[in-house]
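Note sheet for the following structure.
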Amino acid sequence: MTDTVVPIRHGLLIKRSVAKSVTTIKAKFQRRYFKLYQDKLTYWTVDCRKLKGSVAVESMRACERMDRETFNRSHMFQLVYLSKSNKTRVLYMQGNCYPDTKHWVQEIRKRMDFVVGNDQWDHYHRGAFLKRVWSCCRKDDKYARGCCGITESNESRTRRLSREVSCNVTLPSPGRSNSGSSGTSRHSSDDSWRSMHRHSTYEGIFSDDEYSDEDD
């Protein structure tokens, strides 16, 4: 199949399928051909003949690297996004090497900075919700606020500083806190985070319901 629009980045990655159960860490890892465009990320069969899934850039909320120990695989990264029904989904991918993973993350973040802007999340989990606990922080609440601040890109930092100057207000950097702020920025506390995302957050990690990815 020939694309009429040239992708910003494309290549083979290893994709983890959605786990069928909360209590299992077993899931298939399959080779997929990914293509990143201005407005979406798509992935296909290796021969690029069948589209397996698509994620709109406007629905993306975070793109970060992961702990190696989560799946016992190097160069893993994750893309957190919202489905059409406003449920949070997580796409787990593995690059071929460190530079490959780094460039994928950078390019996706650039598109997110341009399209999503301030709607990006300020915290994320470096692991996954496996066997009823987060592998990174060991919290047993699947709605728990992310334990790590996002990695701020140059574009995000420039935009944030511009807002600070225009508003004459100093805003906390993602993942950092002002004195007395209890380490909060866009979300004020774990409770408010859970309240805001209780109906959606990270359900895609262990549920196939309404999952936009029809992959195995």
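For the structure tokens, the naming scheme is as follows: chains receive sequential letters (A, B, ...) according to their order of presentation, residues are indexed from 1 within each chain, and ligands are indexed from 1 in presentation order.
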Requested in this report: Write out as a ChimeraX atom specification the residues lying within 9 Å of A:Cys147, counting only C-alpha atoms and excluding same-chain residues fewer than 5 positions away.
Outcome: /A:123-126,136-137,175
Residues of the last selection are to be written out with N, CA, C and O atoms, as a compact mmCIF listing (two decimals), in the first residue's frame.
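That gives us selection_17.txt:
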```txt
# COMPACT_ATOMS: atom_id res chain seq x y z
N HIS A 123 2.24 13.77 35.05
CA HIS A 123 2.82 12.60 35.71
C HIS A 123 2.47 11.32 34.97
O HIS A 123 1.48 11.29 34.24
N TYR A 124 3.27 10.31 35.16
CA TYR A 124 3.02 9.02 34.50
C TYR A 124 3.67 7.92 35.34
O TYR A 124 4.41 8.18 36.27
N HIS A 125 3.36 6.68 34.99
CA HIS A 125 3.98 5.52 35.65
C HIS A 125 5.06 4.94 34.73
O HIS A 125 4.78 4.66 33.55
N ARG A 126 6.24 4.75 35.27
CA ARG A 126 7.33 4.17 34.47
C ARG A 126 7.15 2.68 34.25
O ARG A 126 7.81 2.08 33.41
N CYS A 136 6.19 -0.06 39.13
CA CYS A 136 7.17 0.99 39.41
C CYS A 136 7.12 1.47 40.85
O CYS A 136 8.16 1.58 41.52
N CYS A 137 5.94 1.76 41.37
CA CYS A 137 5.82 2.33 42.72
C CYS A 137 5.14 1.39 43.71
O CYS A 137 5.00 1.74 44.88
N GLY A 175 6.72 17.50 37.50
CA GLY A 175 7.49 16.60 38.34
C GLY A 175 8.21 17.29 39.47
O GLY A 175 8.88 16.64 40.26
```
**Report entry** strand (DSSP E) positions in stretch 70-122 of chain A, given as a list of chain:residue names
**Finding:** A:Met76, A:Phe77, A:Gln78, A:Leu79, A:Val80, A:Tyr81, A:Leu82, A:Thr88, A:Arg89, A:Val90, A:Leu91, A:Tyr92, A:Met93, A:Gln94
Requested in this report: Using only C-alpha atoms, determine which residues lie at most 8 Å from stretch 47-62 of chain A, disregarding the query and same-chain residues fewer than 4 positions distant; provide the list as a count of residues only.
Outcome: 28
A:Glu69 surroundings by only C-alpha atoms, 9 Å radius, close-in-sequence under 5 positions cut, as a PDB file with N, CA, C and O atoms, in the first residue's frame:
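The result, stored in around31.pdb:
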```
ATOM      1  N   SER A  74      14.662  -4.298  27.071  1.00  0.00           N
ATOM      2  CA  SER A  74      15.307  -2.992  26.957  1.00  0.00           C
ATOM      3  C   SER A  74      14.581  -2.120  25.932  1.00  0.00           C
ATOM      4  O   SER A  74      13.847  -2.623  25.072  1.00  0.00           O
ATOM      5  N   GLY A 127       6.246   2.071  35.026  1.00  0.00           N
ATOM      6  CA  GLY A 127       5.980   0.646  34.877  1.00  0.00           C
ATOM      7  C   GLY A 127       4.585   0.416  34.334  1.00  0.00           C
ATOM      8  O   GLY A 127       4.029   1.245  33.627  1.00  0.00           O
ATOM      9  N   SER A 135       4.090  -1.804  38.861  1.00  0.00           N
ATOM     10  CA  SER A 135       5.431  -2.381  38.967  1.00  0.00           C
ATOM     11  C   SER A 135       6.477  -1.334  39.354  1.00  0.00           C
ATOM     12  O   SER A 135       7.537  -1.685  39.866  1.00  0.00           O
ATOM     13  N   CYS A 136       6.189  -0.059  39.133  1.00  0.00           N
ATOM     14  CA  CYS A 136       7.170   0.986  39.412  1.00  0.00           C
ATOM     15  C   CYS A 136       7.122   1.473  40.852  1.00  0.00           C
ATOM     16  O   CYS A 136       8.163   1.578  41.518  1.00  0.00           O
TER      17      CYS A 136
END
```
A:Gln30 surroundings by only C-alpha atoms, 7 Å radius, close-in-sequence under 5 positions cut, as a PDB file with C-alpha atoms, in the first residue's frame:
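Resulting contents of selection04.pdb:
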```
ATOM      1  CA  ILE A  14       7.946  -4.489  18.802  1.00  0.00           C
ATOM      2  CA  LYS A  15       4.430  -3.901  20.133  1.00  0.00           C
ATOM      3  CA  ARG A  16       2.947  -5.515  23.220  1.00  0.00           C
TER       4      ARG A  16
END
```
Query raised in the report: Which of stretch 2-141 of chain A counts as alpha helix (DSSP H) under DSSP, as a ChimeraX atom specification please?
Result: /A:98-115
Residues from the last selection, N, CA and C atoms, saved as a PDB file, in the first residue's frame:
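Produced file selection.pdb, reproduced below:
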```pdb
ATOM      1  N   TYR A  98      18.748   2.040  21.783  1.00  0.00           N
ATOM      2  CA  TYR A  98      18.491   3.274  22.526  1.00  0.00           C
ATOM      3  C   TYR A  98      18.225   4.474  21.607  1.00  0.00           C
ATOM      4  N   PRO A  99      19.076   4.715  20.575  1.00  0.00           N
ATOM      5  CA  PRO A  99      18.812   5.866  19.697  1.00  0.00           C
ATOM      6  C   PRO A  99      17.459   5.765  18.998  1.00  0.00           C
ATOM      7  N   ASP A 100      17.078   4.570  18.618  1.00  0.00           N
ATOM      8  CA  ASP A 100      15.791   4.378  17.945  1.00  0.00           C
ATOM      9  C   ASP A 100      14.631   4.765  18.859  1.00  0.00           C
ATOM     10  N   THR A 101      14.669   4.258  20.090  1.00  0.00           N
ATOM     11  CA  THR A 101      13.634   4.596  21.064  1.00  0.00           C
ATOM     12  C   THR A 101      13.628   6.092  21.356  1.00  0.00           C
ATOM     13  N   LYS A 102      14.792   6.658  21.544  1.00  0.00           N
ATOM     14  CA  LYS A 102      14.910   8.085  21.848  1.00  0.00           C
ATOM     15  C   LYS A 102      14.293   8.938  20.748  1.00  0.00           C
ATOM     16  N   HIS A 103      14.565   8.608  19.503  1.00  0.00           N
ATOM     17  CA  HIS A 103      14.056   9.404  18.390  1.00  0.00           C
ATOM     18  C   HIS A 103      12.544   9.258  18.223  1.00  0.00           C
ATOM     19  N   TRP A 104      12.032   8.056  18.452  1.00  0.00           N
ATOM     20  CA  TRP A 104      10.590   7.871  18.392  1.00  0.00           C
ATOM     21  C   TRP A 104       9.892   8.724  19.447  1.00  0.00           C
ATOM     22  N   VAL A 105      10.393   8.672  20.663  1.00  0.00           N
ATOM     23  CA  VAL A 105       9.802   9.438  21.761  1.00  0.00           C
ATOM     24  C   VAL A 105       9.877  10.937  21.464  1.00  0.00           C
ATOM     25  N   GLN A 106      11.016  11.389  20.974  1.00  0.00           N
ATOM     26  CA  GLN A 106      11.193  12.811  20.682  1.00  0.00           C
ATOM     27  C   GLN A 106      10.230  13.288  19.602  1.00  0.00           C
ATOM     28  N   GLU A 107      10.093  12.505  18.536  1.00  0.00           N
ATOM     29  CA  GLU A 107       9.225  12.917  17.438  1.00  0.00           C
ATOM     30  C   GLU A 107       7.756  12.927  17.852  1.00  0.00           C
ATOM     31  N   ILE A 108       7.357  11.936  18.644  1.00  0.00           N
ATOM     32  CA  ILE A 108       5.966  11.903  19.110  1.00  0.00           C
ATOM     33  C   ILE A 108       5.698  13.087  20.034  1.00  0.00           C
ATOM     34  N   ARG A 109       6.641  13.392  20.907  1.00  0.00           N
ATOM     35  CA  ARG A 109       6.467  14.523  21.819  1.00  0.00           C
ATOM     36  C   ARG A 109       6.361  15.841  21.054  1.00  0.00           C
ATOM     37  N   LYS A 110       7.118  15.977  19.994  1.00  0.00           N
ATOM     38  CA  LYS A 110       7.048  17.202  19.197  1.00  0.00           C
ATOM     39  C   LYS A 110       5.641  17.414  18.655  1.00  0.00           C
ATOM     40  N   ARG A 111       5.050  16.325  18.153  1.00  0.00           N
ATOM     41  CA  ARG A 111       3.689  16.431  17.635  1.00  0.00           C
ATOM     42  C   ARG A 111       2.720  16.735  18.769  1.00  0.00           C
ATOM     43  N   MET A 112       2.920  16.130  19.920  1.00  0.00           N
ATOM     44  CA  MET A 112       2.055  16.388  21.070  1.00  0.00           C
ATOM     45  C   MET A 112       2.170  17.834  21.540  1.00  0.00           C
ATOM     46  N   ASP A 113       3.387  18.366  21.580  1.00  0.00           N
ATOM     47  CA  ASP A 113       3.589  19.746  22.007  1.00  0.00           C
ATOM     48  C   ASP A 113       2.833  20.702  21.099  1.00  0.00           C
ATOM     49  N   PHE A 114       2.825  20.399  19.811  1.00  0.00           N
ATOM     50  CA  PHE A 114       2.197  21.284  18.832  1.00  0.00           C
ATOM     51  C   PHE A 114       0.675  21.161  18.845  1.00  0.00           C
ATOM     52  N   VAL A 115       0.169  19.935  18.981  1.00  0.00           N
ATOM     53  CA  VAL A 115      -1.267  19.685  18.876  1.00  0.00           C
ATOM     54  C   VAL A 115      -1.967  19.661  20.233  1.00  0.00           C
TER      55      VAL A 115
END
```
Query - One-decimal distance in Å that lies between atom CA of A:Gly95 and atom CA of A:Met66 - result: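 Pair atom CA of A:Met66 / atom CA of A:Gly95 returns 11.5 Å.
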Query raised in the report: Counting only C-alpha atoms, what is within 9 Å of A:Lys139, bar same-chain residues fewer than 6 positions away, as a ChimeraX atom specification?
Result: /A:129,132-133
Query raised in the report: Just how far from atom CA of A:Cys63 is atom CA of A:Arg138, in Å to one decimal?
Result: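 Computing it gives 21.0 Å between the two atoms.
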Query raised in the report: In terms of the shortest atom-to-atom distance over only C-alpha atoms, which of A:Trp44, A:Trp134, A:Tyr143, A:Phe34 is closest to A:Met93?
Result: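 Under the stated criterion, the closest residue is A:Phe34.
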